[in-house]
$ cat input_34.txt   # compact mmCIF, C-alpha atoms
# COMPACT_ATOMS: atom_id res chain seq x y z
CA MET A 1078 12.83 7.85 -1.28
CA GLU A 1079 9.29 9.22 -1.51
CA LEU A 1080 7.66 10.63 -4.63
CA LEU A 1081 6.80 14.32 -4.19
CA ASN A 1082 5.33 15.07 -7.57
CA ARG A 1083 4.97 13.69 -11.07
CA TYR A 1084 3.87 15.74 -14.06
CA LYS A 1085 3.82 15.67 -17.84
CA ASN A 1086 5.86 18.26 -19.69
CA GLY A 1087 5.58 18.10 -23.45
CA ASN A 1088 6.65 14.62 -24.50
CA THR A 1089 8.23 13.68 -21.16
CA VAL A 1090 7.16 12.67 -17.67
CA VAL A 1091 9.09 14.21 -14.78
CA SER A 1092 9.18 12.66 -11.29
CA ILE A 1093 10.53 14.57 -8.27
CA PHE A 1094 11.45 12.71 -5.07
CA ASP A 1095 11.83 14.00 -1.51
CA ASP A 1096 15.62 13.60 -1.52
CA GLY A 1097 15.95 15.94 -4.51
CA THR A 1098 16.25 13.21 -7.13
CA LYS A 1099 14.70 14.03 -10.50
CA VAL A 1100 13.80 11.29 -12.99
CA ARG A 1101 12.83 12.24 -16.53
CA SER A 1102 11.12 9.61 -18.67
CA VAL A 1103 11.73 10.46 -22.30
CA PRO A 1104 10.19 8.98 -25.47
CA ASP A 1105 11.96 6.41 -27.61
CA THR A 1106 13.57 9.19 -29.65
CA GLY A 1107 15.53 10.13 -26.54
CA GLU A 1108 14.90 13.84 -27.03
CA ALA A 1109 12.94 15.74 -24.39
CA ILE A 1110 10.83 18.59 -25.80
CA ALA A 1111 9.37 20.61 -22.94
CA ASP A 1112 6.35 22.94 -22.95
CA PHE A 1113 7.60 24.81 -19.89
CA PRO A 1114 10.82 24.91 -17.84
CA GLU A 1115 11.31 22.13 -15.30
CA SER A 1116 13.65 24.34 -13.31
CA ILE A 1117 14.22 28.09 -13.10
CA ASP A 1118 17.26 29.87 -11.72
CA LEU A 1119 15.74 32.98 -10.10
CA LYS A 1120 17.83 35.91 -8.90
CA ILE A 1121 15.75 37.96 -6.44
CA THR A 1122 18.32 40.50 -5.24
CA ASN A 1123 21.71 41.95 -6.06
CA TYR A 1124 22.36 43.08 -2.47
CA CYS A 1125 25.17 41.27 -0.66
CA ASP A 1126 27.77 42.25 1.93
CA MET A 1127 30.16 39.30 1.43
CA GLY A 1128 32.33 41.07 -1.14
CA CYS A 1129 33.39 37.92 -3.00
CA LYS A 1130 36.00 39.06 -5.51
CA TYR A 1131 34.87 36.46 -8.10
CA CYS A 1132 31.09 37.13 -7.84
CA PHE A 1133 29.79 36.84 -11.40
CA GLU A 1134 26.65 38.80 -10.45
CA ALA A 1135 28.85 41.65 -9.13
CA SER A 1136 26.66 41.87 -6.02
CA THR A 1137 27.49 44.57 -3.45
CA THR A 1138 25.85 46.53 -0.63
CA ASP A 1139 24.73 48.97 -3.34
CA GLY A 1140 22.68 46.22 -4.95
CA VAL A 1141 18.89 46.42 -4.94
CA HIS A 1142 16.09 43.90 -4.46
CA GLY A 1143 13.90 42.65 -7.27
CA SER A 1144 10.16 43.34 -7.42
CA VAL A 1145 8.12 40.63 -5.72
CA GLN A 1146 5.17 41.53 -7.95
CA TRP A 1147 7.28 40.99 -11.05
CA ILE A 1148 8.32 37.59 -9.71
CA LEU A 1149 4.76 36.50 -8.99
CA ASP A 1150 3.40 37.79 -12.30
CA THR A 1151 6.21 36.25 -14.33
CA LEU A 1152 5.94 32.83 -12.67
CA TYR A 1153 2.13 32.76 -12.84
CA GLY A 1154 0.65 29.73 -14.54
CA LEU A 1155 3.47 27.28 -13.95
CA PRO A 1156 2.27 23.74 -13.21
CA VAL A 1157 2.69 22.08 -9.84
CA GLY A 1158 6.14 20.54 -9.35
CA VAL A 1159 8.35 23.00 -11.20
CA GLU A 1160 11.55 23.76 -9.27
CA ILE A 1161 12.62 27.32 -8.50
CA ALA A 1162 16.27 27.81 -7.48
CA ILE A 1163 16.33 31.13 -5.63
CA GLY A 1164 19.55 33.09 -5.22
CA GLY A 1165 21.13 36.53 -5.27
CA GLY A 1166 23.05 38.45 -4.00
CA ASN A 1167 22.05 37.37 -0.55
CA PRO A 1168 18.47 36.04 -0.79
CA LEU A 1169 18.24 35.82 3.00
CA ASP A 1170 18.29 39.62 3.07
CA TYR A 1171 15.27 39.87 0.75
CA PRO A 1172 12.63 41.72 2.83
CA VAL A 1173 9.66 39.51 1.94
CA LEU A 1174 11.44 36.19 1.34
CA THR A 1175 9.18 34.21 3.67
CA GLU A 1176 6.02 35.67 2.16
CA LEU A 1177 7.28 34.97 -1.36
CA LEU A 1178 8.09 31.37 -0.50
CA LYS A 1179 4.64 30.84 1.04
CA ILE A 1180 2.91 32.04 -2.11
CA LEU A 1181 5.09 29.89 -4.36
CA ARG A 1182 4.43 26.86 -2.16
CA ARG A 1183 0.68 27.46 -2.39
CA ARG A 1184 1.10 27.38 -6.15
CA GLY A 1185 2.77 23.99 -5.82
CA LEU A 1186 6.23 25.13 -6.85
CA LEU A 1187 9.27 23.52 -5.21
CA CYS A 1188 11.68 26.17 -3.97
CA ASN A 1189 15.38 25.71 -3.31
CA LEU A 1190 17.61 28.39 -1.82
CA THR A 1191 21.30 29.08 -2.44
CA VAL A 1192 23.13 30.94 0.34
CA ASN A 1193 26.73 31.89 1.02
CA GLY A 1194 28.39 29.87 3.77
CA GLY A 1195 29.54 33.12 5.32
CA HIS A 1196 25.92 34.08 6.02
CA LEU A 1197 24.96 30.91 7.88
CA GLN A 1198 25.78 32.29 11.31
CA ASP A 1199 24.08 35.68 11.02
CA TYR A 1200 20.97 34.33 9.30
CA GLY A 1201 20.92 30.89 10.91
CA SER A 1202 17.65 31.26 12.84
CA LYS A 1203 15.81 32.57 9.77
CA LEU A 1204 17.19 29.81 7.60
CA ALA A 1205 16.30 27.16 10.18
CA LYS A 1206 12.65 28.25 10.10
CA LEU A 1207 12.57 28.02 6.31
CA VAL A 1208 13.96 24.50 6.48
CA GLU A 1209 11.72 23.36 9.36
CA THR A 1210 8.54 24.64 7.70
CA GLN A 1211 9.63 23.18 4.35
CA LEU A 1212 9.26 26.51 2.61
CA ILE A 1213 12.47 25.45 0.91
CA ARG A 1214 12.96 21.88 -0.23
CA GLY A 1215 16.67 22.10 -0.93
CA LEU A 1216 19.55 24.19 0.41
CA GLY A 1217 22.64 25.07 -1.60
CA ILE A 1218 25.58 26.31 0.47
CA SER A 1219 28.22 28.22 -1.45
CA TRP A 1220 31.61 27.40 0.01
CA SER A 1221 33.21 30.18 1.99
CA ASP A 1222 36.85 30.31 3.03
CA SER A 1223 35.69 31.39 6.46
CA ARG A 1224 33.37 29.61 8.87
CA LYS A 1225 34.17 26.13 7.59
CA ASP A 1226 32.48 24.59 10.62
CA ASP A 1227 29.19 26.31 9.73
CA VAL A 1228 29.33 24.94 6.19
CA LEU A 1229 30.01 21.41 7.39
CA GLU A 1230 27.26 21.60 10.01
CA TRP A 1231 24.56 22.85 7.66
CA SER A 1232 25.57 20.50 4.85
CA ALA A 1233 24.58 17.59 7.11
CA PHE A 1234 20.91 18.59 6.83
CA PRO A 1235 18.80 16.51 4.42
CA ASN A 1236 18.71 17.93 0.86
CA SER A 1237 21.65 20.24 1.53
CA VAL A 1238 24.37 20.52 -1.11
CA ILE A 1239 27.80 22.14 -0.85
CA HIS A 1240 28.40 24.39 -3.87
CA THR A 1241 32.00 24.65 -5.01
CA ILE A 1242 33.51 26.64 -7.88
CA ALA A 1243 36.05 24.96 -10.12
CA GLY A 1244 39.21 27.06 -10.14
CA VAL A 1245 38.27 28.95 -6.96
CA THR A 1246 37.46 26.53 -4.14
CA PRO A 1247 40.76 25.07 -2.87
CA LEU A 1248 40.77 21.31 -3.36
CA ARG A 1249 42.14 20.85 0.16
CA HIS A 1250 38.78 22.15 1.45
CA LEU A 1251 36.94 19.35 -0.32
CA MET A 1252 39.26 16.79 1.26
CA GLU A 1253 37.98 18.00 4.66
CA VAL A 1254 34.33 17.41 3.76
CA PRO A 1255 32.76 14.13 4.97
CA LYS A 1256 32.27 11.67 2.14
CA ASP A 1257 28.52 11.40 2.69
CA ARG A 1258 27.91 15.07 1.84
CA LYS A 1259 26.40 16.08 -1.48
CA VAL A 1260 28.64 18.28 -3.62
CA LEU A 1261 27.81 20.43 -6.65
CA VAL A 1262 30.67 21.65 -8.82
CA LEU A 1263 30.00 24.92 -10.62
CA GLY A 1264 32.05 26.10 -13.56
CA TYR A 1265 34.07 29.29 -13.28
CA LYS A 1266 31.99 32.18 -14.62
CA ASN A 1267 34.09 34.81 -16.34
CA TYR A 1268 31.45 37.48 -15.79
CA GLY A 1269 30.93 40.39 -13.43
CA PHE A 1270 33.67 40.52 -10.83
CA GLY A 1271 34.77 37.10 -12.08
CA LYS A 1272 36.27 38.67 -15.18
CA LEU A 1273 38.47 41.03 -13.15
CA PHE A 1274 39.37 38.27 -10.68
CA ALA A 1275 40.58 35.99 -13.49
CA ARG A 1276 42.86 38.73 -14.80
CA ALA A 1277 44.61 39.12 -11.45
CA ASN A 1278 44.61 35.48 -10.31
CA PRO A 1279 45.79 32.19 -11.87
CA VAL A 1280 42.28 30.83 -12.43
CA ALA A 1281 43.29 29.01 -15.62
CA ASP A 1282 46.05 27.16 -13.73
CA ALA A 1283 43.66 26.33 -10.91
CA LEU A 1284 41.13 24.96 -13.40
CA LYS A 1285 43.83 22.71 -14.83
CA ILE A 1286 44.54 21.34 -11.34
CA TRP A 1287 40.81 20.73 -10.87
CA LYS A 1288 40.66 18.96 -14.23
CA ASP A 1289 43.61 16.74 -13.31
CA ARG A 1290 42.05 15.75 -9.98
CA ILE A 1291 38.34 15.70 -10.75
CA SER A 1292 38.25 11.89 -10.96
CA GLU A 1293 39.50 11.77 -7.38
CA ILE A 1294 36.68 14.08 -6.29
CA MET A 1295 34.08 12.07 -8.17
CA THR A 1296 35.10 8.85 -6.44
CA ARG A 1297 35.49 10.43 -2.99
CA PHE A 1298 31.85 11.49 -2.57
CA GLU A 1299 28.69 9.44 -2.84
CA ILE A 1300 26.92 12.17 -4.82
CA VAL A 1301 28.70 14.71 -7.03
CA SER A 1302 26.87 16.80 -9.61
CA PHE A 1303 27.93 19.48 -12.08
CA ASP A 1304 26.39 22.45 -13.82
CA ASN A 1305 26.74 22.56 -17.59
CA LEU A 1306 29.65 24.99 -17.45
CA ALA A 1307 31.63 22.68 -15.16
CA LEU A 1308 30.83 19.69 -17.37
CA GLU A 1309 32.45 21.54 -20.24
CA GLN A 1310 35.42 23.07 -18.40
CA LEU A 1311 36.36 19.80 -16.71
CA ASN A 1312 35.47 17.56 -19.68
CA ILE A 1313 33.39 15.26 -17.49
CA LYS A 1314 31.89 13.35 -20.42
CA SER A 1315 35.28 11.80 -21.15
CA LEU A 1316 35.45 10.39 -17.61
CA VAL A 1317 32.17 8.44 -17.49
CA PRO A 1318 30.79 5.56 -19.56
CA ASP A 1319 28.24 6.44 -22.25
CA SER A 1320 25.61 4.50 -20.31
CA VAL A 1321 26.09 6.79 -17.31
CA TRP A 1322 26.18 9.98 -19.36
CA ASN A 1323 23.06 9.05 -21.33
CA THR A 1324 21.04 8.40 -18.19
CA ARG A 1325 22.37 11.17 -15.92
CA TYR A 1326 22.88 14.16 -18.23
CA LEU A 1327 19.78 16.38 -18.11
CA GLY A 1328 20.50 18.35 -21.27
CA GLY A 1329 21.87 21.72 -22.26
CA ASP A 1330 20.89 25.08 -20.79
CA GLY A 1331 17.63 26.43 -22.14
CA LEU A 1332 16.12 23.10 -23.23
CA THR A 1333 14.30 22.38 -19.97
CA SER A 1334 15.59 25.23 -17.81
CA MET A 1335 16.08 29.01 -17.85
CA TYR A 1336 17.24 32.03 -15.87
CA LEU A 1337 15.24 34.98 -14.50
CA ASP A 1338 16.70 38.19 -13.07
CA ALA A 1339 14.05 39.94 -10.96
CA VAL A 1340 16.38 42.90 -10.33
CA LYS A 1341 16.73 43.85 -14.00
CA GLU A 1342 13.43 42.12 -14.96
CA THR A 1343 15.19 40.12 -17.64
CA TYR A 1344 15.43 36.50 -18.75
CA ALA A 1345 18.07 34.32 -20.38
CA LYS A 1346 19.06 30.77 -21.28
CA SER A 1347 21.38 30.71 -18.27
CA SER A 1348 22.96 33.11 -15.79
CA THR A 1349 25.92 33.59 -18.14
CA SER A 1350 23.86 34.24 -21.27
CA LYS A 1351 22.68 37.56 -22.66
CA ARG A 1352 19.81 38.86 -20.51
CA ILE A 1353 16.78 40.13 -22.40
CA PRO A 1354 13.99 42.42 -21.06
CA SER A 1355 10.88 40.38 -20.23
CA GLU A 1356 8.51 43.17 -21.33
CA GLY A 1357 5.65 41.90 -19.19
CA ARG A 1358 5.55 38.39 -20.64
CA ASN A 1359 5.10 35.37 -18.39
CA VAL A 1360 7.58 32.58 -18.00
CA LYS A 1361 5.92 30.18 -20.44
CA ASP A 1362 6.22 32.70 -23.25
CA LEU A 1363 9.77 33.58 -22.26
CA PHE A 1364 10.71 29.90 -22.21
CA LYS A 1365 9.51 29.39 -25.78
CA SER A 1366 12.05 31.99 -26.91
CA VAL A 1367 14.82 30.52 -24.75
CA GLN A 1368 14.12 26.97 -25.88
CA SER A 1369 13.99 27.92 -29.56
CA ASP A 1370 17.38 29.61 -29.37
CA ALA A 1371 18.87 26.75 -27.32
CA ARG A 1372 17.67 24.12 -29.81
CA ALA A 1373 19.07 26.13 -32.71
CA GLU A 1374 22.45 26.48 -30.95
CA ALA A 1375 22.50 22.76 -30.12
CA GLY A 1376 21.81 21.93 -33.77
CA ILE A 1377 24.63 24.18 -34.98
CA ARG A 1378 27.04 22.71 -32.43
CA GLU A 1379 26.14 19.15 -33.45
CA GLU A 1380 26.64 20.03 -37.11
CA VAL A 1381 30.09 21.50 -36.39
CA LEU A 1382 31.17 18.46 -34.38
CA SER A 1383 30.05 16.05 -37.11
CA THR A 1384 31.99 17.78 -39.90
$ encode --input "input_34.txt" --output "structure tokens"
Amino acid sequence: MELLNRYKNGNTVVSIFDDGTKVRSVPDTGEAIADFPESIDLKITNYCDMGCKYCFEASTTDGVHGSVQWILDTLYGLPVGVEIAIGGGNPLDYPVLTELLKILRRRGLLCNLTVNGGHLQDYGSKLAKLVETQLIRGLGISWSDSRKDDVLEWSAFPNSVIHTIAGVTPLRHLMEVPKDRKVLVLGYKNYGFGKLFARANPVADALKIWKDRISEIMTRFEIVSFDNLALEQLNIKSLVPDSVWNTRYLGGDGLTSMYLDAVKETYAKSSTSKRIPSEGRNVKDLFKSVQSDARAEAGIREEVLST
């Protein structure tokens, strides 16, 4: 494991390694207070031809691409080492994706790309070039019911992670994945098409099955991670010792991370939070607002739980 970058962010020191591992050294108080986001979830397009019925972004072939100039202006001034998780829609269809990634790399930002497994075949050569030239440091592959072989093949690449959705991805699919693959479990987002899908499908029942069997999944794979929504829906904290939780949990949405929508030119605490017009402000200013709201919400939640 080789150190890629180490930087100071507020009262913490963040180290990023070449296998995707992030280590945050926090002060004795145990509370990380960041000056800028360590990671940004960036939506660059709402165009997609996959037609996933549970897509929380409601992406279709009528979707449009975000402004590359808005992206560059908004991200300007971020320190070297900040991670940018790029997605869509289908980001591989973004007309100037390669050019965007080159500029962000010159700025020292570490870009990851999330793609749908159903696009691996049609966009394979383009994606291979991005991986080979290290324009992307990590590859997230959203599980697709079709083309299972493509998903398994690409997930064998270094720094590739299979993205699953609790309540959507059939558990039998995970049982077919080699144990050495990295798996990310995403919570079910009741937004966009996801809201309509949940009305017509037994998502709540499927989530219960996931919750009942999540310990089996966690012990099957060498590396399993969760987004904050999945942590809550599957009650992961109850399944791990405090020592593990305290050293592995990276904090709530908005405290060291945020979401940017280049299509609508908005920002938010997370992709499922209310999106607010950026009004020409850069990401550092936007993050101050996000962080302030997130800290206030965390304080209210803690007060409720303690009463």
$ closest_residue --input "input_34.txt" --among "A:Arg1352, A:Glu1293, A:Gly1244, A:Gly1143" --to "Asn1278 of chain A" --atoms "all atoms listed in the file"
A:Gly1244
$ residues_near_point --input "input_34.txt" --point "(39.7, 23.2, 0.9)" --cutoff "10 Å" --atoms "only C-alpha atoms" --output "list in words"
Trp1220, Ser1221, Asp1222, Lys1225, Thr1241, Val1245, Thr1246, Pro1247, Leu1248, Arg1249, His1250, Leu1251, Met1252, Glu1253 and Val1254 of chain A
$ residues_around --input "input_34.txt" --residues "Lys1203 of chain A" --least-positions-apart "6" --cutoff "10 Å" --atoms "all atoms listed in the file" --output "list in words"
Leu1169, Thr1175 and Leu1197 of chain A
$ atom_distance --input "input_34.txt" --atom1 "atom CA of Ser1348 of chain A" --atom2 "atom CA of Asp1095 of chain A"
26.3 Å
$ atom_distance --input "input_34.txt" --atom1 "atom CA of Pro1235 of chain A" --atom2 "atom CA of Gly1217 of chain A"
11.1 Å
$ atom_distance --input "input_34.txt" --atom1 "atom CA of Gly1271 of chain A" --atom2 "atom CA of Lys1130 of chain A"
7.0 Å
$ decode --input "input_34.txt" --residues "segment 1251-1279 of chain A" --atoms "N, CA and C atoms" --output "CSV table (one decimal), in the first residue's frame"
chain,number,residue,atom,x,y,z
A,1251,LEU,N,-25.0,-11.6,-5.2
A,1251,LEU,CA,-23.8,-11.4,-4.4
A,1251,LEU,C,-23.1,-12.7,-4.1
A,1252,MET,N,-23.9,-13.8,-4.0
A,1252,MET,CA,-23.3,-15.1,-3.7
A,1252,MET,C,-22.5,-15.6,-4.8
A,1253,GLU,N,-22.7,-15.0,-6.0
A,1253,GLU,CA,-21.9,-15.4,-7.2
A,1253,GLU,C,-20.7,-14.6,-7.4
A,1254,VAL,N,-20.5,-13.6,-6.6
A,1254,VAL,CA,-19.3,-12.7,-6.7
A,1254,VAL,C,-18.1,-13.3,-5.9
A,1255,PRO,N,-17.0,-13.4,-6.5
A,1255,PRO,CA,-15.8,-13.9,-5.8
A,1255,PRO,C,-15.5,-13.1,-4.5
A,1256,LYS,N,-15.1,-13.8,-3.5
A,1256,LYS,CA,-15.0,-13.3,-2.2
A,1256,LYS,C,-13.9,-12.2,-2.0
A,1257,ASP,N,-13.0,-12.1,-3.0
A,1257,ASP,CA,-11.9,-11.1,-3.0
A,1257,ASP,C,-12.3,-9.8,-3.6
A,1258,ARG,N,-13.5,-9.7,-4.1
A,1258,ARG,CA,-14.0,-8.4,-4.7
A,1258,ARG,C,-14.4,-7.5,-3.6
A,1259,LYS,N,-14.3,-6.2,-3.9
A,1259,LYS,CA,-14.7,-5.1,-3.0
A,1259,LYS,C,-16.2,-4.8,-3.3
A,1260,VAL,N,-17.0,-4.7,-2.3
A,1260,VAL,CA,-18.4,-4.4,-2.4
A,1260,VAL,C,-18.8,-3.2,-1.6
A,1261,LEU,N,-19.6,-2.3,-2.2
A,1261,LEU,CA,-20.2,-1.2,-1.6
A,1261,LEU,C,-21.7,-1.4,-1.5
A,1262,VAL,N,-22.3,-1.3,-0.4
A,1262,VAL,CA,-23.7,-1.4,-0.2
A,1262,VAL,C,-24.3,0.0,-0.1
A,1263,LEU,N,-25.2,0.4,-1.0
A,1263,LEU,CA,-25.9,1.7,-1.0
A,1263,LEU,C,-27.3,1.5,-0.4
A,1264,GLY,N,-27.7,2.4,0.3
A,1264,GLY,CA,-29.1,2.4,0.8
A,1264,GLY,C,-30.1,2.6,-0.3
A,1265,TYR,N,-31.3,2.2,-0.1
A,1265,TYR,CA,-32.4,2.4,-1.1
A,1265,TYR,C,-32.8,3.9,-1.0
A,1266,LYS,N,-32.8,4.6,-2.1
A,1266,LYS,CA,-33.1,6.0,-2.2
A,1266,LYS,C,-34.5,6.2,-2.7
A,1267,ASN,N,-35.4,6.6,-1.8
A,1267,ASN,CA,-36.8,6.8,-2.2
A,1267,ASN,C,-37.0,8.2,-2.8
A,1268,TYR,N,-36.3,8.4,-3.9
A,1268,TYR,CA,-36.3,9.6,-4.7
A,1268,TYR,C,-36.4,9.3,-6.2
A,1269,GLY,N,-36.8,10.3,-6.9
A,1269,GLY,CA,-36.9,10.2,-8.4
A,1269,GLY,C,-37.8,9.0,-8.7
A,1270,PHE,N,-37.3,8.1,-9.7
A,1270,PHE,CA,-38.0,6.9,-10.0
A,1270,PHE,C,-38.1,6.0,-8.9
A,1271,GLY,N,-37.2,6.1,-7.9
A,1271,GLY,CA,-37.2,5.2,-6.8
A,1271,GLY,C,-38.4,5.2,-6.0
A,1272,LYS,N,-39.0,6.4,-5.9
A,1272,LYS,CA,-40.3,6.6,-5.2
A,1272,LYS,C,-41.4,5.8,-5.8
A,1273,LEU,N,-41.5,5.9,-7.2
A,1273,LEU,CA,-42.5,5.1,-7.9
A,1273,LEU,C,-42.3,3.6,-7.8
A,1274,PHE,N,-41.0,3.3,-7.9
A,1274,PHE,CA,-40.6,1.8,-7.9
A,1274,PHE,C,-41.1,1.2,-6.6
A,1275,ALA,N,-40.8,1.9,-5.5
A,1275,ALA,CA,-41.1,1.4,-4.2
A,1275,ALA,C,-42.6,1.2,-4.0
A,1276,ARG,N,-43.4,2.0,-4.6
A,1276,ARG,CA,-44.9,1.9,-4.5
A,1276,ARG,C,-45.4,0.6,-5.2
A,1277,ALA,N,-44.7,0.2,-6.3
A,1277,ALA,CA,-45.2,-0.9,-7.1
A,1277,ALA,C,-44.4,-2.2,-6.8
A,1278,ASN,N,-43.4,-2.1,-6.0
A,1278,ASN,CA,-42.6,-3.3,-5.7
A,1278,ASN,C,-42.3,-3.5,-4.2
A,1279,PRO,N,-42.1,-4.7,-3.7
A,1279,PRO,CA,-42.0,-4.9,-2.3
A,1279,PRO,C,-40.6,-4.6,-1.7
